[in-house]
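Novice: Have a look at the structure that comes next, please.
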Protein chains: 2
Amino acid sequence: MIMASIKKRTENALKLCGGADKDYTKQVVKTAKALLKMDNVLILSHRSPDGDTLGCAFALCRGMRSLCKKVTVRCADEIPGKYAFMSEGMEDQSFEPEHFVTVDIAGPHLLGSLAEEYEKKIEVCIDHHLRNNVEAPVKFVDTKAAATAEIIWLLLCAMGVEMDKGIASCLFAAISTDTGCFKYGSVTPRTHLIAVELMKYGVDCAGINFKLLDEVSQAQLELKKQALDTLEYCCDNQCAIVTVTTEMIEQTNASPEDLDGISNIPRSIAGVECGITMRQISDGWKISIRSSDKLNASDLCGKFGGGGHKAAAGCKFTESYEDAKKQLVTAVSEMLK
Amino acid sequence: MIMASIKKRTENALKLCGGADKDYTKQVVKTAKALLKMDNVLILSHRSPDGDTLGCAFALCRGMRSLCKKVTVRCADEIPGKYAFMSEGMEDQSFEPEHFVTVDIAGPHLLGSLAEEYEKKIEVCIDHHLRNNVEAPVKFVDTKAAATAEIIWLLLCAMGVEMDKGIASCLFAAISTDTGCFKYGSVTPRTHLIAVELMKYGVDCAGINFKLLDEVSQAQLELKKQALDTLEYCCDNQCAIVTVTTEMIEQTNASPEDLDGISNIPRSIAGVECGITMRQISDGWKISIRSSDKLNASDLCGKFGGGGHKAAAGCKFTESYEDAKKQLVTAVSEMLK
């Protein structure tokens, strides 16, 4: 009887967002069932938390609490202030966690300092990353989801959670931040259709978008300005490089969050196929690559022991600034030939 | 018989994007009927053309040509290169225009240098701006549309135009640029639902979004950097001011397009309720105001003979830079009390 209604609710939710095949429906039902069986649940977000991992965690926490379960969210790192609205009214409950769920976590190392304590205990893993190596009895990894929040929305529907403004706001924020506000190639009709469903609950979409995507701190803007001062072009203007030194970070009083967005600048310049951001770290230089279809960023970083995606990847150099840059530019120049 | 099918198609289209009342349905039918009756049509876009006016014009042009009508688009100002894909394969046809349609034009003055020639000839006016004072026998102004392209989509459906990638790309680009990629408060469920319909035709959404929203020219980035160097705060950091001089524009070789985006910078700083951009013009200073709910930008600009919207407005000063700034800051300071 209960199973039947989970299946019905899943089918209804899938119909609202474009439909799915039988296997997918089964996966939603199985995961929703596993979550419904749990009580005293700890939901884990990834280290250096972003809008998707936090939005998923607090939406699921809110949803499961509405079903009278004891649930709490944990994350290895501090939650940036701009996401505070997600946890409003979700004070920690005192209980001994018995069940463990990860959201938007591609591998145990992304639990950060919580890895040792929890990596062997994960029961349900919900994610959308390509290479997910979390070990868990129930894994629901949908790489076609633009944000893990799309999957959480389906699961909450399947579980029979009554949607409200709080849950919808968490999910909308998660989708908006992970897609650059519906901007990236990962966005599908389903992404838009779920947004439409969430908007029915009075979400302040424009407010959330401004706060999470457009608003910058004074320090962030100052750091951006200083970074722009270092902009240089090479490879016939097809490659642009921006540098961020520890001195700049200290001088502007910038936080790790304030570095967001800088690595997108060089690639956004018309004609630039490869954008390089070189950020000084304690033992060398952390490199972020953003590229067009003309250059595979993952291949480029692979040459230096790094990796990532086709259009966004990273690597590290322990060499001097000039040495690191020379090696990078030589490799880019070769690849652009 | 034809009328019946227009009505049916309109109802189907409206059902796809959230429904509408009888009056609205009637308006769509009436406008579609007027367009269907025409041949040898000139579609007019507004001066300093943006993605919405051009996307609407070329989508309508493509759609009407697919119904074997002679149609051409005109605009007083040059079409920026980034919109070139819209007019691809839409070479001018040689014919004497007999019917005139405006898209996304709120008033005859927005025809620019074409006003004198056409302002008395407009037969169909399709728009979404609040105060529309175009005179035309058929006016369809829907201020709830986030982009005029939403209305054009409805009209093309009502007219029985077969959607294709070319039309869908124009309409998607129009919606995306006019909403900051689904970011602003003007976005409704209908906006997302129309995007879903357009995505069915293989639109390169992410490519269009990058090209039209993220890509910057070298000159634009250089100008932004120089503008950031002028950033100053006042009114307890609740007001931020950025200045763009003609010298900067000349030195960076920036075009009018390159000024896009700069006026959003000061307001985007956390804690800033009023962002001011002062741009030098031949006879003084052009002021752009962006504000939060705490300050009405239109009221502020109204004090100096300007106007606009609650959150975005403008005015002009013929006084010196220091005088203009002093008057503005005094007014902002009063209003923030």
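By order in the structure tokens, chains are A, B, ...; within a chain, residues start at 1; ligands start at 1, following the order shown.
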Considering only C-alpha atoms, tabulate each residue of chain B that lies at most 7 Å from chain A along with its nearest interatomic pair and the corresponding distance in Å to one decimal; arrange the rows by chain and ascending residue number and present them as a tab-separated table.

Specialist:
```
residue	atom	partner	partner_atom	distance
B:Cys181	CA	A:Lys183	CA	6.3
B:Phe182	CA	A:Cys181	CA	6.6
B:Lys183	CA	A:Ala206	CA	5.9
B:Tyr184	CA	A:Ala206	CA	5.0
B:Gly185	CA	A:Ala206	CA	4.8
B:Pro189	CA	A:Val196	CA	5.0
B:His192	CA	A:His192	CA	5.5
B:Leu193	CA	A:Leu193	CA	6.9
B:Val196	CA	A:Pro189	CA	5.0
B:Met199	CA	A:Pro189	CA	7.0
B:Ala206	CA	A:Gly185	CA	4.8
B:Asn209	CA	A:Lys183	CA	6.0
B:Asp214	CA	A:Ser268	CA	6.1
B:Glu215	CA	A:Ser268	CA	4.7
B:Val216	CA	A:Ile269	CA	4.9
B:Ser217	CA	A:Ala270	CA	5.1
B:Gln218	CA	A:Ile269	CA	6.2
B:Lys225	CA	A:Lys225	CA	6.2
B:Leu228	CA	A:Lys225	CA	6.6
B:Ser268	CA	A:Glu215	CA	4.7
B:Ile269	CA	A:Val216	CA	4.9
B:Ala270	CA	A:Ser217	CA	5.2
```

Novice: Residues of region 81-160 of chain A that have any atom at most 7 Å from an atom of region 27-44 of chain A: could you tabulate them with the shortest-distance atom pair and the distance in Å to one decimal, using only C-alpha atoms, ordered by chain and increasing number, as JSON lines?

Specialist:
```
{"residue": "A:Phe95", "atom": "CA", "partner": "A:Asn40", "partner_atom": "CA", "distance": 6.7}
{"residue": "A:Glu96", "atom": "CA", "partner": "A:Asn40", "partner_atom": "CA", "distance": 6.7}
{"residue": "A:Pro97", "atom": "CA", "partner": "A:Asn40", "partner_atom": "CA", "distance": 4.9}
{"residue": "A:Glu98", "atom": "CA", "partner": "A:Asn40", "partner_atom": "CA", "distance": 5.5}
{"residue": "A:His99", "atom": "CA", "partner": "A:Val41", "partner_atom": "CA", "distance": 4.7}
{"residue": "A:Phe100", "atom": "CA", "partner": "A:Leu42", "partner_atom": "CA", "distance": 5.0}
{"residue": "A:Val101", "atom": "CA", "partner": "A:Ile43", "partner_atom": "CA", "distance": 4.8}
{"residue": "A:Thr102", "atom": "CA", "partner": "A:Leu44", "partner_atom": "CA", "distance": 4.8}
{"residue": "A:Val103", "atom": "CA", "partner": "A:Leu44", "partner_atom": "CA", "distance": 6.4}
{"residue": "A:Val138", "atom": "CA", "partner": "A:Thr31", "partner_atom": "CA", "distance": 6.6}
{"residue": "A:Phe140", "atom": "CA", "partner": "A:Gln27", "partner_atom": "CA", "distance": 6.8}
{"residue": "A:Leu155", "atom": "CA", "partner": "A:Ala32", "partner_atom": "CA", "distance": 5.5}
{"residue": "A:Ala158", "atom": "CA", "partner": "A:Ala32", "partner_atom": "CA", "distance": 6.2}
{"residue": "A:Met159", "atom": "CA", "partner": "A:Ala32", "partner_atom": "CA", "distance": 5.6}
```

Novice: Using N, CA and C atoms, can you write the selected residues to a file as a short mmCIF file (atom, residue, chain, number, x, y, z; two decimals), in the first residue's frame?

Specialist:
```cif
data_model
loop_
_atom_site.label_atom_id
_atom_site.label_comp_id
_atom_site.auth_asym_id
_atom_site.auth_seq_id
_atom_site.Cartn_x
_atom_site.Cartn_y
_atom_site.Cartn_z
N PHE A 95 20.44 14.35 19.19
CA PHE A 95 20.16 12.91 19.05
C PHE A 95 21.43 12.24 18.55
N GLU A 96 21.48 10.95 18.73
CA GLU A 96 22.64 10.21 18.27
C GLU A 96 22.37 9.74 16.84
N PRO A 97 23.08 10.27 15.82
CA PRO A 97 22.78 9.87 14.44
C PRO A 97 22.97 8.36 14.23
N GLU A 98 22.00 7.78 13.56
CA GLU A 98 22.07 6.34 13.27
C GLU A 98 22.22 6.08 11.77
N HIS A 99 21.79 7.06 10.97
CA HIS A 99 21.84 6.87 9.52
C HIS A 99 22.52 8.07 8.85
N PHE A 100 23.21 7.80 7.74
CA PHE A 100 24.06 8.82 7.14
C PHE A 100 23.80 8.94 5.64
N VAL A 101 23.56 10.16 5.22
CA VAL A 101 23.21 10.44 3.82
C VAL A 101 24.17 11.51 3.29
N THR A 102 24.73 11.32 2.09
CA THR A 102 25.55 12.38 1.49
C THR A 102 24.80 13.00 0.31
N VAL A 103 24.94 14.31 0.17
CA VAL A 103 24.30 15.00 -0.96
C VAL A 103 25.34 15.80 -1.73
N VAL A 138 22.90 2.33 -1.01
CA VAL A 138 21.96 2.96 -1.94
C VAL A 138 22.64 4.16 -2.59
N PHE A 140 22.31 6.91 -5.71
CA PHE A 140 21.48 7.48 -6.78
C PHE A 140 22.29 8.62 -7.39
N LEU A 155 12.88 13.17 -5.02
CA LEU A 155 12.80 12.30 -3.85
C LEU A 155 11.79 12.83 -2.84
N ALA A 158 8.44 12.00 -4.09
CA ALA A 158 8.20 10.56 -3.94
C ALA A 158 7.89 10.20 -2.48
N MET A 159 8.56 10.89 -1.55
CA MET A 159 8.38 10.61 -0.12
C MET A 159 7.06 11.18 0.41
#
```

Novice: Using only C-alpha atoms for the distances, tell me which of A:Met163, A:Leu336, A:Ala168, A:Gly261 is nearest to Asp236 (chain A).

Specialist: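 Among the listed residues, A:Leu336 lies closest to Asp236 (chain A).
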
Novice: Looking only at the backbone, which of the residues in region 73-185 of chain A does DSSP tag as helix (DSSP H, G or I), as number ranges by chain?

Specialist: A: 81-87, 108-118, 148-159, 165-178

Novice: To test your reading of the structure, identify every residue in region 122-305 of chain B that backbone DSSP assigns to strand (DSSP E), and report it as a ChimeraX atom specification.

Specialist: /B:124-127,138-141,232-234,239-244,274-281,284-291

Novice: For C-alpha atoms, I'd like the residues from the last selection saved as a PDB file, in the first residue's frame.

Specialist:
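The resulting file, out35.pdb, is reproduced below:
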```
ATOM      1  CA  VAL B 124       0.653  46.477 -34.981  1.00  0.00           C
ATOM      2  CA  CYS B 125       2.575  47.295 -31.809  1.00  0.00           C
ATOM      3  CA  ILE B 126       3.823  44.353 -29.711  1.00  0.00           C
ATOM      4  CA  ASP B 127       5.533  45.250 -26.449  1.00  0.00           C
ATOM      5  CA  VAL B 138      -3.642  46.918 -32.985  1.00  0.00           C
ATOM      6  CA  LYS B 139      -1.697  47.181 -29.738  1.00  0.00           C
ATOM      7  CA  PHE B 140      -0.702  44.129 -27.725  1.00  0.00           C
ATOM      8  CA  VAL B 141       1.191  45.327 -24.641  1.00  0.00           C
ATOM      9  CA  GLU B 232      34.271  55.426  -4.082  1.00  0.00           C
ATOM     10  CA  TYR B 233      31.918  54.891  -1.181  1.00  0.00           C
ATOM     11  CA  CYS B 234      29.767  57.388   0.695  1.00  0.00           C
ATOM     12  CA  CYS B 239      26.175  54.350  -1.655  1.00  0.00           C
ATOM     13  CA  ALA B 240      28.940  53.585  -4.165  1.00  0.00           C
ATOM     14  CA  ILE B 241      29.959  55.684  -7.154  1.00  0.00           C
ATOM     15  CA  VAL B 242      31.787  54.714 -10.328  1.00  0.00           C
ATOM     16  CA  THR B 243      32.899  57.247 -12.932  1.00  0.00           C
ATOM     17  CA  VAL B 244      33.506  56.788 -16.655  1.00  0.00           C
ATOM     18  CA  CYS B 274      22.285  52.912  -4.113  1.00  0.00           C
ATOM     19  CA  GLY B 275      24.798  52.462  -6.921  1.00  0.00           C
ATOM     20  CA  ILE B 276      25.657  55.516  -9.004  1.00  0.00           C
ATOM     21  CA  THR B 277      27.430  55.500 -12.354  1.00  0.00           C
ATOM     22  CA  MET B 278      28.511  58.891 -13.690  1.00  0.00           C
ATOM     23  CA  ARG B 279      29.342  58.855 -17.381  1.00  0.00           C
ATOM     24  CA  GLN B 280      30.794  61.903 -19.063  1.00  0.00           C
ATOM     25  CA  ILE B 281      28.941  63.051 -22.176  1.00  0.00           C
ATOM     26  CA  GLY B 284      27.878  67.107 -18.866  1.00  0.00           C
ATOM     27  CA  TRP B 285      27.207  63.841 -17.021  1.00  0.00           C
ATOM     28  CA  LYS B 286      24.776  61.033 -17.662  1.00  0.00           C
ATOM     29  CA  ILE B 287      23.783  59.366 -14.402  1.00  0.00           C
ATOM     30  CA  SER B 288      22.627  55.752 -13.992  1.00  0.00           C
ATOM     31  CA  ILE B 289      21.124  54.749 -10.669  1.00  0.00           C
ATOM     32  CA  ARG B 290      20.611  51.166  -9.485  1.00  0.00           C
ATOM     33  CA  SER B 291      18.992  50.720  -6.096  1.00  0.00           C
TER      34      SER B 291
END
```

Novice: Point out the residue among B:His128, B:Lys121, B:Lys337, B:Lys165 with the least atom-to-atom distance to Ile151 (chain B), counting only C-alpha atoms.

Specialist: B:His128

Novice: Tell me, in Å to one decimal, how far CA of Ser169 (chain B) is from CA of Met90 (chain B).

Specialist: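 Separating CA of Ser169 (chain B) from CA of Met90 (chain B) is a distance of 13.8 Å.
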
Novice: Would you kindly return, as a CSV table (one decimal) with C-alpha atoms, in the first residue's frame, each protein, DNA or RNA residue with an atom no farther than 8 Å from any atom of region 73-83 of chain A, considering only C-alpha atoms and excluding same-chain residues fewer than 5 positions away?

Specialist:
```csv
chain,number,residue,atom,x,y,z
A,42,LEU,CA,22.8,13.0,9.6
A,43,ILE,CA,22.9,14.6,6.2
A,44,LEU,CA,26.5,15.4,5.0
A,45,SER,CA,27.4,18.3,2.7
A,46,HIS,CA,30.8,18.5,1.0
A,47,ARG,CA,33.7,20.6,2.2
A,48,SER,CA,34.0,24.2,0.9
A,49,PRO,CA,30.2,24.0,0.6
A,51,GLY,CA,24.7,26.3,-3.0
A,54,LEU,CA,23.8,23.1,1.2
A,57,ALA,CA,21.0,19.1,2.6
A,58,PHE,CA,18.7,21.7,4.1
A,61,CYS,CA,16.5,18.0,6.3
A,92,ASP,CA,20.5,21.2,15.6
A,111,LEU,CA,33.8,15.1,3.3
A,112,GLY,CA,36.9,17.0,4.3
A,113,SER,CA,37.8,16.7,8.0
A,114,LEU,CA,34.6,14.6,8.5
A,211,LYS,CA,22.3,37.5,-3.2
A,212,LEU,CA,24.0,34.3,-4.4
A,257,GLU,CA,34.7,32.8,-1.1
```

Novice: What is the CA of Asn253 (chain B)-CA of Thr230 (chain B) distance in Å, reported with one decimal?

Specialist: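 Straight-line distance from CA of Asn253 (chain B) to CA of Thr230 (chain B) works out to 18.4 Å.
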
Novice: Between CA of Leu328 (chain B) and CA of Asp258 (chain B), what is the distance in Å, rounded to a tenth?

Specialist: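 Answer for the CA of Leu328 (chain B) to CA of Asp258 (chain B) separation: 24.9 Å.
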